[in-house]
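A.B. asks: Got a structure for you, written out below as structure tokens; questions coming shortly.
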Amino acid sequence: MANRQAALDPPLRTAHRSETGGFRPDIQALRALAVGIVVLNHLWPTRVTGGYVGVDVFFVISGYLISSHLIREIDGTGRIRIARFYARRVRRLLPAAFLVLAAVVAATFLLVPHARWDAYGHEVMASALYWENWLLTAEFWSHPVDFTQFTAVTSYWSLSVEEQFYLCWPLLLLLLFRMRSPRARAAGVTAVGLVSLAGCVYLTAVNKGPAYYVTPVRVWEFVIGTLIALGGARLVLPRAVAETASLLGFAAVLGSTVLFSGTTEFPGAMALLPTLGTGLVIAAGVGPGRRWHTALTSSAPVQLLGDISYSLYLWHWPLVVLVPFTMPGGVLTLPARLGIVVASLILAYLSKRLVEDSVRTWPRLVGSVRLTLICMAAGMAAVCLAAFALLRS
């Protein structure tokens, strides 16, 4: 079941720097690996059975990157400019997300049976408002879910989790940093993570459907990345230790991809394997120097895949869901699956270059928090209005 629940995770579009301020190609490679295994899981779920762990990899990366940025700002200024923080997230994440939602609405009118329009309309609106994970949670609690009835925007559940995390985490970090002791700060973050992990293990045992989507029981995965960010330069490992850590980390992620399946009690305690593995790779790369994997992870194809991973995440799932409506019997053939891979990569590249990068660096938006937030509200309203038309048609 988990491989159908995953419906992809959001590779966060943000800078990733080492303690010395350099670019982190290993993190870019982790994103490429994560999005790759999730795409393969969605297209070949009986072969790449545990590819859904890519979502967990992304949550750890997000926790590390966002917390690193926030910690640097707190250390440098003693505060966090909350409005500017949210505006940066808006410029990075929302334009491409809204574009894909609009495309899904248009495709729904053309391809999806009328009986499914209501479900699509509600989920598109929930996705635009970053509430998709809670909508899915409510469905799990109210009745058994038919996994064949997922919509083309179910993947937005993980975007919703991340945005809800971003909403609360800066304020919590600011509160914790009022404690002067680094150990006290780390203890506070650890306590939050342990409570979240305990809730995750319990809820997975009770009903792993809601456990997959509920934000509080996913927080501990972000916390792993945050703890690495808090460690900072103190986590620079001896070369031999770093090499071993990165080897074990990649093995844990890839091992999860092979060993886990839809019957695995997930997330729960099993999610510790890919998340701690991701943490090991990130921690191993804090210090300078090449690693055993550098030739591969720094190669142009891997870096390009990591660079377009967010848009690839956004585009591939709608194609996986919508293309079968054009196929005889609704069955994806091998050529169709390969075509989806190619089309997803092309759309992701174009979306990254023409939408993500253009809006993120548009001077008028970069220079105005107010205009950025106004555009966000306008985009949400436009998508919700288009989705509302599905409900009334």
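Identifiers in this document derive from the order of the structure tokens: chains are assigned A, B, ..., residues are numbered from 1 separately in each chain, and ligands are numbered from 1 in order of occurrence.
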Please list as a list in words every residue within 9 Å of Ala128 of chain A, counting only C-alpha atoms and excluding residues in the same chain fewer than 4 positions away.
C.D. replies: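 Counting only the stated atoms, we get Leu94, Ala97, Phe98, Leu101, Glu123, Val124, Glu132, Tyr156, Gly379, Met380, Ala381, Val383 and Cys384 of chain A.
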A.B. asks: Got a sec: who's within 9 Å of Ala198 of chain A, counting only C-alpha atoms, leaving out chain neighbours fewer than 3 positions off, as an NGL selection string?
C.D. replies: :A and (193-195 or 201-203 or 217 or 268-269)
A.B. asks: Take the residues just selected and output them with N, CA, C and O atoms as a CSV table (one decimal), in the first residue's frame.
C.D. replies:
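Dumped to result_19.csv:
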```csv
chain,number,residue,atom,x,y,z
A,193,GLY,N,11.6,15.8,18.1
A,193,GLY,CA,11.7,14.7,17.2
A,193,GLY,C,11.3,13.4,17.8
A,193,GLY,O,10.6,12.6,17.1
A,194,LEU,N,11.7,13.2,19.0
A,194,LEU,CA,11.3,11.9,19.7
A,194,LEU,C,9.8,11.8,19.9
A,194,LEU,O,9.2,10.7,19.8
A,195,VAL,N,9.2,12.9,20.3
A,195,VAL,CA,7.7,12.9,20.5
A,195,VAL,C,7.0,12.6,19.1
A,195,VAL,O,6.1,11.8,19.1
A,201,VAL,N,5.2,5.9,15.2
A,201,VAL,CA,5.2,4.5,15.4
A,201,VAL,C,3.9,4.0,15.9
A,201,VAL,O,3.3,3.0,15.4
A,202,TYR,N,3.3,4.8,16.8
A,202,TYR,CA,2.0,4.4,17.3
A,202,TYR,C,0.9,4.5,16.3
A,202,TYR,O,0.1,3.5,16.1
A,203,LEU,N,0.8,5.6,15.5
A,203,LEU,CA,-0.2,5.7,14.6
A,203,LEU,C,-0.1,4.8,13.4
A,203,LEU,O,-1.1,4.3,12.9
A,217,VAL,N,3.4,13.7,12.7
A,217,VAL,CA,4.2,12.4,12.8
A,217,VAL,C,5.3,12.3,11.8
A,217,VAL,O,6.0,11.3,11.7
A,268,GLY,N,6.4,4.6,10.4
A,268,GLY,CA,6.8,3.9,11.7
A,268,GLY,C,8.3,3.9,11.8
A,268,GLY,O,9.0,4.6,11.3
A,269,ALA,N,8.7,2.9,12.6
A,269,ALA,CA,10.1,2.7,12.9
A,269,ALA,C,10.9,2.3,11.7
A,269,ALA,O,12.1,2.6,11.6
```
A.B. asks: Can you measure atom CA of Ala115 of chain A to atom CA of Arg392 of chain A for me? One decimal in Å is fine.
C.D. replies: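 If I compute the distance from atom CA of Ala115 of chain A to atom CA of Arg392 of chain A, I get 12.1 Å.
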A.B. asks: Please list as a list of chain:residue names every residue within 12 Å of Phe165 of chain A, counting only C-alpha atoms and excluding residues in the same chain fewer than 5 positions away.
C.D. replies: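 Result of the neighbour search: A:Phe59, A:Ser62, A:Gly63, A:Ile66, A:Ser67, A:Tyr86, A:Arg89, A:Tyr130, A:Ser158, A:Leu159, A:Ser160, A:Pro170, A:Leu171, A:Leu172, A:Leu173, A:Val214, A:Thr215, A:Pro216, A:Val217, A:Arg218, A:Val219, A:Trp220, A:Glu221, A:Phe222, A:Val223.
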A.B. asks: Excluding same-chain residues fewer than 5 positions from Thr257 of chain A, what lies within 7 Å of it counting only C-alpha atoms, as a list in words?
C.D. replies: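 Skipping anything fewer than 5 positions along the chain leaves Val48, Thr49, Gly50, Gly51 and Val53 of chain A.
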A.B. asks: Name the residues in contact with segment 360-368 of chain A at a cut-off of 8 Å, using only C-alpha atoms, excluding same-chain residues fewer than 4 positions from it; report them as a ChimeraX atom specification.
C.D. replies: /A:88,91-92,356,372
A.B. asks: Calculated over only C-alpha atoms, which of the candidates A:Ala240, A:Ala252, A:Leu312, A:Ile80 has the smallest distance to Arg31 of chain A?
C.D. replies: A:Leu312
A.B. asks: Return the single residue from A:Glu162, A:Asp307, A:Glu265, A:Asp26 that is closest to Phe250 of chain A, with distances computed using only C-alpha atoms.
C.D. replies: A:Asp26
A.B. asks: Please identify which residues in segment 27-85 of chain A DSSP calls helix (DSSP H, G or I) from the backbone, and express them as a ChimeraX atom specification.
C.D. replies: /A:27-43,51-77,82-85
A.B. asks: Can you tell me which residues surround Trp117 of chain A at a distance of at most 9 Å, considering only C-alpha atoms, apart from same-chain residues fewer than 5 positions away, and format the answer as a PyMOL selection string?
C.D. replies: chain A and resi 108-109+112+122+390-391+393
A.B. asks: Using only C-alpha atoms, which of A:Leu129, A:Leu30, A:Leu111, A:Gly78 sits nearest Ala382 of chain A?
C.D. replies: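 Between A:Leu129, A:Leu30, A:Leu111, A:Gly78, the residue approaching Ala382 of chain A most closely is A:Leu129.
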A.B. asks: Would you list the contacts of segment 282-294 of chain A as a PyMOL selection string, taking every protein, DNA or RNA residue within 9 Å and counting only C-alpha atoms, but skipping same-chain residues closer than 5 positions in sequence?
C.D. replies: chain A and resi 17-20+22+24-27+30+61+64+225+228-229+232-233+235-239+241-247+249+277+299
A.B. asks: Could you check which of A:Val153, A:Leu65, A:Val320, A:Ala102 is closest to Asn41 of chain A, using only C-alpha atoms?
C.D. replies: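 Result for the nearest residue to Asn41 of chain A: A:Val320.
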A.B. asks: If I take atom CA of Ala295 of chain A and atom CA of Ser344 of chain A, how far is one from the other in Å, to one decimal?
C.D. replies: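 Going from atom CA of Ala295 of chain A over to atom CA of Ser344 of chain A, I get 26.0 Å.
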A.B. asks: Quick one: of A:Met270, A:Ile37, A:Thr226, A:Ala377, who's nearest to Tyr52 of chain A, counting only C-alpha atoms?
C.D. replies: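 Closest candidate: A:Ile37.
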